[in-house]
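Written below as C-alpha cells is the structure these notes are about.
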Amino acid sequence: MIEGVERLLKYQHGAMATSFEIMIADEDPSFAEGAARAAFEQIDRLEQDLSRYDPNSDVARINDLAPGGKVRVSVDTLRCLLLSVEHWKETGGAFDVTLGALMECWVGKDKSMLHPSAEEIDRARERSAMSSLELDESTMTVSVGESVPFIDLGAIGKGYAVDRAADLLKEWGVSSALVHGGMSSVFAFGSPGQHRGWPVTISDPDRPQEILERFVLADEGLGGSGIKKGRHIIDPRSARPVGGRRGAWVVSESATRSDALSTACMVMTVREITRCLGRDPHMRAVVVAGDGGGVLRFGCAGAAGPASA
C-alpha cells in the first residue's frame with residue numbers, strides 16, 4: 001500500500017477487531033514510540049465508547065434504550081453520531097449506521113449469508129431509523145423515538161478513531177505520519193522524505209497484485225469498503241446486501257468522511273456518486289463494479305468524466 005518511503009518507524013496495535021498501524025517519518029525513535037503509544041491508548045478509549053459489542057459502551061446503552069428513552073454519552077460518541085447523521089443526509093440515506101438489526105438478519109456470526117424471511121426483514125427494518133435519533137450537544141445526550149435504532153458504527157468508527165489518533169500525533173508535535181486501521185481507513189499528514197505527501201496504492205479486491213490507482217495523501221484520508229470478506233454491506237434503501245459492486249475507495253479531508261462515503265459508494269448509483277462527490281472538487285473515488293462492469297473513477301487523473309463513469 002505504501003510506496004517509496006524510507007526511514008519509517010512503524011508501530012502496530014490490535015483494536016476494533018483489526019490491526020491499527022502508525023508510521024512516523026524522520027523522528028527520534030523514543031519520541032515517536034511515546035507518541036504512537038498515546039495514540040493507541042486514544043483508540044482503545046474510543047473502542048470502549050463506540051463498540052456495540054461492549055455491553056458497557058455508549059452505543060450498546062443507546063441500543064438498549066426503551067422507546068422514547070434518553071442516555072448521556074461521551075463527546076466522541078456524540079461527535080461520531082453527528083457525523084453519521086451528516087453523511088446520512090448528504091448521501092440521501094445511502095450511508096446509515098442504524099443497520100445493526102439488518103446486518104444480523106442477513107449475515108451470520110461466521111460471516112456466512114443467511115436467508116431471512118420477508119417478515120424477519122420487516123422487523124429488522126423497524127430498527128433502521130436514523131430519523132428517530134435526537135442528538136443534543138448542550139446536554140450530551142442521545143434520545144430515541146418509538147422505534148429504537150440498532151446502531152453499528154462499523155462503517156465509520158475506524159475512520160473516526162484514525163482521525164483522532166492523527167490529531168493526537170499532531171498535538172505531540174509529530175511532523176509526518178500515516179495512521180491506518182486494517183488498511184481500509186487511512187489518514188496521512190506531512191511530507192516524508194522528499195515526497196510531497198504519502199504515496200499509497202489501492203489494488204483490485206480479487207487481484208491484489210493489480211494496482212488500480214496511486215494517490216499521494218497530504219493531510220487527507222482514504223477510506224475503502226468492499227465485499228471480499230463476505231457480502232457484509234447492506235443497502236439501507238432496499239434492506240438487502242450489496243450485489244453490484246466489489247469495492248469502493250474515497251479520498252477526502254478525513255478518514256471519517258472517506259469511510260462513510262466509500263460505504264455509500266457501494267450502494268449509490270453512478271449518477272448519485274457523481275452528484276455527491278461533485279460538491280467537493282478535491283475528492284476522488286474509485287469504484288470496482290461487479291459482473292465485469294470495470295473500474296469507475298471519479299475526480300481522479302485520467303478519469304473519463306461522469307458520462308463514462
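Numbering starts fresh at 1 for the residues of each chain in the C-alpha cells, the chains themselves are lettered A, B, ... in the order given, and ligands are numbered from 1 as they appear.
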
Open item on the list: Using DSSP secondary structure from the backbone, list all alpha helix (DSSP H) positions within stretch 128-305 of chain A, as a ChimeraX atom specification.
Closed with: /A:157-172,255-265,270-277

Prev. selection, C-alpha atoms, output as a tab-separated table (two decimals), in the first residue's frame:
chain	number	residue	atom	x	y	z
A	157	GLY	CA	-15.87	4.14	13.75
A	158	LYS	CA	-12.43	3.08	12.49
A	159	GLY	CA	-12.12	6.19	10.37
A	160	TYR	CA	-13.08	8.36	13.33
A	161	ALA	CA	-10.50	6.58	15.51
A	162	VAL	CA	-7.82	7.07	12.84
A	163	ASP	CA	-8.59	10.81	12.66
A	164	ARG	CA	-8.48	11.23	16.44
A	165	ALA	CA	-5.18	9.33	16.62
A	166	ALA	CA	-3.73	11.58	13.90
A	167	ASP	CA	-4.92	14.66	15.80
A	168	LEU	CA	-3.14	13.43	18.91
A	169	LEU	CA	0.11	12.81	16.99
A	170	LYS	CA	-0.04	16.39	15.72
A	171	GLU	CA	-0.57	17.63	19.28
A	172	TRP	CA	2.57	15.77	20.28
A	255	ALA	CA	-10.66	9.23	7.26
A	256	THR	CA	-14.11	9.51	8.86
A	257	ARG	CA	-15.62	11.12	5.77
A	258	SER	CA	-13.77	8.78	3.41
A	259	ASP	CA	-15.03	5.72	5.29
A	260	ALA	CA	-18.64	6.90	5.23
A	261	LEU	CA	-18.62	7.89	1.56
A	262	SER	CA	-16.82	4.74	0.40
A	263	THR	CA	-19.57	2.70	2.05
A	264	ALA	CA	-22.20	4.86	0.38
A	265	CYS	CA	-20.46	4.42	-2.98
A	270	VAL	CA	-23.26	6.34	-10.75
A	271	ARG	CA	-25.37	9.48	-11.04
A	272	GLU	CA	-25.67	9.73	-7.26
A	273	ILE	CA	-21.92	9.26	-6.78
A	274	THR	CA	-21.17	11.91	-9.39
A	275	ARG	CA	-23.55	14.37	-7.74
A	276	CYS	CA	-22.34	13.64	-4.19
A	277	LEU	CA	-18.61	13.81	-4.90

Open item on the list: To one decimal place in Å, what is the distance between atom CA of A:Ser176 and atom CA of A:Ser254?
Closed with: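 Result for atom CA of A:Ser176 versus atom CA of A:Ser254: 15.7 Å, one decimal.
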
Task: All strand (DSSP E or B) residues (DSSP, backbone) inside stretch 10-106 of chain A, as a VMD selection string - done: chain A and resid 10 to 15 18 to 25 70 to 72 99

Mind dumping the selected residues with N, CA and C atoms as a PDB file, in the first residue's frame?
ATOM      1  N   LYS A  10       7.596   2.112  12.523  1.00  0.00           N
ATOM      2  CA  LYS A  10       6.268   1.510  12.432  1.00  0.00           C
ATOM      3  C   LYS A  10       5.859   0.901  13.771  1.00  0.00           C
ATOM      4  N   TYR A  11       4.597   1.141  14.145  1.00  0.00           N
ATOM      5  CA  TYR A  11       4.059   0.642  15.398  1.00  0.00           C
ATOM      6  C   TYR A  11       2.675   0.054  15.129  1.00  0.00           C
ATOM      7  N   GLN A  12       2.380  -1.100  15.717  1.00  0.00           N
ATOM      8  CA  GLN A  12       1.112  -1.780  15.485  1.00  0.00           C
ATOM      9  C   GLN A  12       0.377  -2.025  16.793  1.00  0.00           C
ATOM     10  N   HIS A  13      -0.949  -2.113  16.676  1.00  0.00           N
ATOM     11  CA  HIS A  13      -1.781  -2.316  17.862  1.00  0.00           C
ATOM     12  C   HIS A  13      -3.120  -2.899  17.430  1.00  0.00           C
ATOM     13  N   GLY A  14      -3.594  -3.904  18.131  1.00  0.00           N
ATOM     14  CA  GLY A  14      -4.882  -4.514  17.821  1.00  0.00           C
ATOM     15  C   GLY A  14      -6.021  -3.822  18.547  1.00  0.00           C
ATOM     16  N   ALA A  15      -7.035  -3.426  17.807  1.00  0.00           N
ATOM     17  CA  ALA A  15      -8.232  -2.799  18.381  1.00  0.00           C
ATOM     18  C   ALA A  15      -9.334  -2.832  17.339  1.00  0.00           C
ATOM     19  N   THR A  18      -9.383  -5.270  14.369  1.00  0.00           N
ATOM     20  CA  THR A  18      -8.441  -5.139  13.262  1.00  0.00           C
ATOM     21  C   THR A  18      -7.077  -4.738  13.819  1.00  0.00           C
ATOM     22  N   SER A  19      -6.128  -4.519  12.929  1.00  0.00           N
ATOM     23  CA  SER A  19      -4.790  -4.094  13.324  1.00  0.00           C
ATOM     24  C   SER A  19      -4.568  -2.652  12.891  1.00  0.00           C
ATOM     25  N   PHE A  20      -4.344  -1.790  13.860  1.00  0.00           N
ATOM     26  CA  PHE A  20      -4.001  -0.394  13.563  1.00  0.00           C
ATOM     27  C   PHE A  20      -2.485  -0.286  13.441  1.00  0.00           C
ATOM     28  N   GLU A  21      -2.043   0.576  12.551  1.00  0.00           N
ATOM     29  CA  GLU A  21      -0.613   0.816  12.382  1.00  0.00           C
ATOM     30  C   GLU A  21      -0.358   2.313  12.269  1.00  0.00           C
ATOM     31  N   ILE A  22       0.719   2.745  12.900  1.00  0.00           N
ATOM     32  CA  ILE A  22       1.171   4.129  12.803  1.00  0.00           C
ATOM     33  C   ILE A  22       2.565   4.125  12.212  1.00  0.00           C
ATOM     34  N   MET A  23       2.744   4.882  11.143  1.00  0.00           N
ATOM     35  CA  MET A  23       4.048   5.041  10.518  1.00  0.00           C
ATOM     36  C   MET A  23       4.484   6.495  10.712  1.00  0.00           C
ATOM     37  N   ILE A  24       5.628   6.675  11.331  1.00  0.00           N
ATOM     38  CA  ILE A  24       6.147   8.019  11.614  1.00  0.00           C
ATOM     39  C   ILE A  24       7.483   8.181  10.903  1.00  0.00           C
ATOM     40  N   ALA A  25       7.625   9.278  10.195  1.00  0.00           N
ATOM     41  CA  ALA A  25       8.836   9.516   9.408  1.00  0.00           C
ATOM     42  C   ALA A  25       9.727  10.571  10.061  1.00  0.00           C
ATOM     43  N   LYS A  70     -33.599   8.120  26.779  1.00  0.00           N
ATOM     44  CA  LYS A  70     -32.508   9.083  26.604  1.00  0.00           C
ATOM     45  C   LYS A  70     -31.298   8.619  27.408  1.00  0.00           C
ATOM     46  N   VAL A  71     -30.092   8.866  26.883  1.00  0.00           N
ATOM     47  CA  VAL A  71     -28.883   8.498  27.606  1.00  0.00           C
ATOM     48  C   VAL A  71     -27.790   9.527  27.342  1.00  0.00           C
ATOM     49  N   ARG A  72     -26.990   9.796  28.356  1.00  0.00           N
ATOM     50  CA  ARG A  72     -25.864  10.718  28.225  1.00  0.00           C
ATOM     51  C   ARG A  72     -24.662   9.939  27.681  1.00  0.00           C
ATOM     52  N   LEU A  99     -28.154   0.085  10.905  1.00  0.00           N
ATOM     53  CA  LEU A  99     -28.455  -1.157  10.186  1.00  0.00           C
ATOM     54  C   LEU A  99     -28.047  -2.407  10.960  1.00  0.00           C
TER      55      LEU A  99
END

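If you measure from each of A:Glu47, A:Ser238, A:Ala188, A:Gln194 to A:Val216 using only C-alpha atoms, the closest one turns out to be A:Ala188.
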
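Taking only C-alpha atoms, the non-local environment of stretch 144-150 of chain A within 6 Å (same-chain residues fewer than 4 positions away omitted) comprises Asn63, Pro67, Gly68, Gly69, Thr98, Gly100, Ala101, Arg127, Ser128, Ala129, Ser132 and Leu133 of chain A.
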
Next, dump the selected residues to file, keeping only N, CA and C atoms, as a short mmCIF file (atom, residue, chain, number, x, y, z; two decimals), in the first residue's frame.
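Wrote out01.cif, looks like this:
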data_model
loop_
_atom_site.label_atom_id
_atom_site.label_comp_id
_atom_site.auth_asym_id
_atom_site.auth_seq_id
_atom_site.Cartn_x
_atom_site.Cartn_y
_atom_site.Cartn_z
N ASN A 63 -28.53 1.35 22.14
CA ASN A 63 -29.29 0.25 21.55
C ASN A 63 -30.24 -0.41 22.55
N PRO A 67 -38.26 2.58 24.16
CA PRO A 67 -38.83 3.60 23.27
C PRO A 67 -39.02 4.93 24.01
N GLY A 68 -38.56 6.01 23.38
CA GLY A 68 -38.66 7.33 24.00
C GLY A 68 -37.57 7.61 25.02
N GLY A 69 -36.59 6.72 25.15
CA GLY A 69 -35.56 6.87 26.16
C GLY A 69 -34.46 7.84 25.78
N THR A 98 -27.67 2.77 11.37
CA THR A 98 -28.71 2.08 12.16
C THR A 98 -29.11 0.77 11.51
N GLY A 100 -27.79 -2.27 12.26
CA GLY A 100 -27.34 -3.41 13.04
C GLY A 100 -28.29 -4.60 12.98
N ALA A 101 -29.60 -4.32 13.07
CA ALA A 101 -30.58 -5.41 13.03
C ALA A 101 -30.61 -6.08 11.66
N ARG A 127 -36.01 -1.20 13.10
CA ARG A 127 -34.94 -0.63 13.93
C ARG A 127 -33.89 0.10 13.10
N SER A 128 -34.16 0.27 11.82
CA SER A 128 -33.28 1.04 10.94
C SER A 128 -33.90 2.42 10.79
N ALA A 129 -33.54 3.32 11.69
CA ALA A 129 -34.27 4.59 11.77
C ALA A 129 -33.35 5.72 12.21
N SER A 132 -35.02 8.68 13.84
CA SER A 132 -35.53 8.62 15.21
C SER A 132 -34.48 9.01 16.25
N LEU A 133 -33.24 9.27 15.79
CA LEU A 133 -32.19 9.71 16.71
C LEU A 133 -32.28 11.22 16.93
#

- [ ] Tell me, as a PyMOL selection string, which residues lie within 7 Å of stretch 75-86 of chain A, counting only C-alpha atoms; anything in the same chain fewer than 3 positions away does not count.
- [x] chain A and resi 49-50+58+89-90+97+140+160

For the residues selected in the previous step, produce a file with N, CA and C atoms as a tab-separated table (two decimals), in the first residue's frame.
chain	number	residue	atom	x	y	z
A	49	ASP	N	-16.17	3.27	23.92
A	49	ASP	CA	-17.38	4.07	23.73
A	49	ASP	C	-18.20	3.64	22.52
A	50	LEU	N	-17.52	3.26	21.43
A	50	LEU	CA	-18.18	3.12	20.13
A	50	LEU	C	-18.55	1.69	19.76
A	58	ASP	N	-21.18	3.31	25.08
A	58	ASP	CA	-22.26	4.26	24.81
A	58	ASP	C	-23.22	3.70	23.77
A	89	LYS	N	-27.59	12.31	5.59
A	89	LYS	CA	-28.31	13.33	4.83
A	89	LYS	C	-27.63	13.60	3.49
A	90	GLU	N	-26.31	13.72	3.51
A	90	GLU	CA	-25.56	14.06	2.30
A	90	GLU	C	-25.74	13.00	1.22
A	97	VAL	N	-26.00	4.25	9.85
A	97	VAL	CA	-25.36	3.46	10.92
A	97	VAL	C	-26.39	2.73	11.78
A	140	MET	N	-25.30	16.68	25.91
A	140	MET	CA	-24.53	15.48	25.58
A	140	MET	C	-25.38	14.23	25.70
A	160	TYR	N	-13.08	7.35	12.27
A	160	TYR	CA	-13.08	8.36	13.33
A	160	TYR	C	-11.91	8.15	14.28

Counting only C-alpha atoms, what is within 6 Å of A:Val186, bar same-chain residues fewer than 5 positions away, as a PDB file with C-alpha atoms, in the first residue's frame?
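What landed in result.pdb:
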ATOM      1  CA  VAL A 179      -2.280   6.099  10.548  1.00  0.00           C
ATOM      2  CA  HIS A 180      -4.437   3.249   9.286  1.00  0.00           C
ATOM      3  CA  GLY A 221      -7.960  10.487   4.429  1.00  0.00           C
ATOM      4  CA  LEU A 222      -8.560   7.387   2.350  1.00  0.00           C
ATOM      5  CA  ALA A 255     -10.661   9.226   7.263  1.00  0.00           C
TER       6      ALA A 255
END

Task: Residue nearest A:Gly34 among A:Asp54, A:Leu153, A:Gly173, A:Arg214 (counting only C-alpha atoms) - done: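 Looking only at the distances to A:Gly34, the closest residue turns out to be A:Gly173.
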
Residues within 12 Å of A:Arg240, only C-alpha atoms, excluding chain neighbours under 3 positions, as a short mmCIF file (atom, residue, chain, number, x, y, z; two decimals) with C-alpha atoms, in the first residue's frame:
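So out02.cif came out as:
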data_model
loop_
_atom_site.label_atom_id
_atom_site.label_comp_id
_atom_site.auth_asym_id
_atom_site.auth_seq_id
_atom_site.Cartn_x
_atom_site.Cartn_y
_atom_site.Cartn_z
CA LEU A 99 -28.45 -1.16 10.19
CA ALA A 101 -30.58 -5.41 13.03
CA LEU A 102 -30.47 -5.87 9.25
CA MET A 103 -26.84 -6.98 9.46
CA GLU A 104 -27.75 -9.66 11.99
CA CYS A 105 -30.71 -10.61 9.80
CA TRP A 106 -28.57 -11.20 6.69
CA VAL A 107 -25.08 -12.10 7.99
CA MET A 113 -25.05 -15.23 4.29
CA LEU A 114 -28.41 -16.05 5.86
CA HIS A 115 -31.78 -16.29 4.14
CA PRO A 116 -34.26 -14.27 6.20
CA SER A 117 -37.97 -14.28 5.55
CA ALA A 118 -39.82 -11.16 4.45
CA ILE A 121 -36.56 -8.31 7.19
CA ASP A 122 -39.54 -6.10 8.01
CA ALA A 124 -35.26 -5.57 11.28
CA ARG A 125 -36.18 -2.53 9.18
CA ARG A 231 -21.31 -9.71 1.50
CA HIS A 232 -21.46 -7.58 4.62
CA ILE A 233 -22.67 -4.24 3.24
CA ILE A 234 -26.42 -3.65 3.35
CA ASP A 235 -28.18 -1.16 1.10
CA PRO A 236 -30.29 0.89 3.56
CA ARG A 237 -32.85 1.68 0.88
CA GLY A 243 -24.53 -7.19 -5.14
CA GLY A 244 -23.40 -4.84 -7.91
CA VAL A 267 -24.84 1.29 -2.94
#

Task: Which residue of A:Leu65, A:Ile202, A:Glu210, A:Pro241 approaches A:Ser143 most closely, using only C-alpha atoms - done: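 Distance minimum relative to A:Ser143 lands on A:Leu65.
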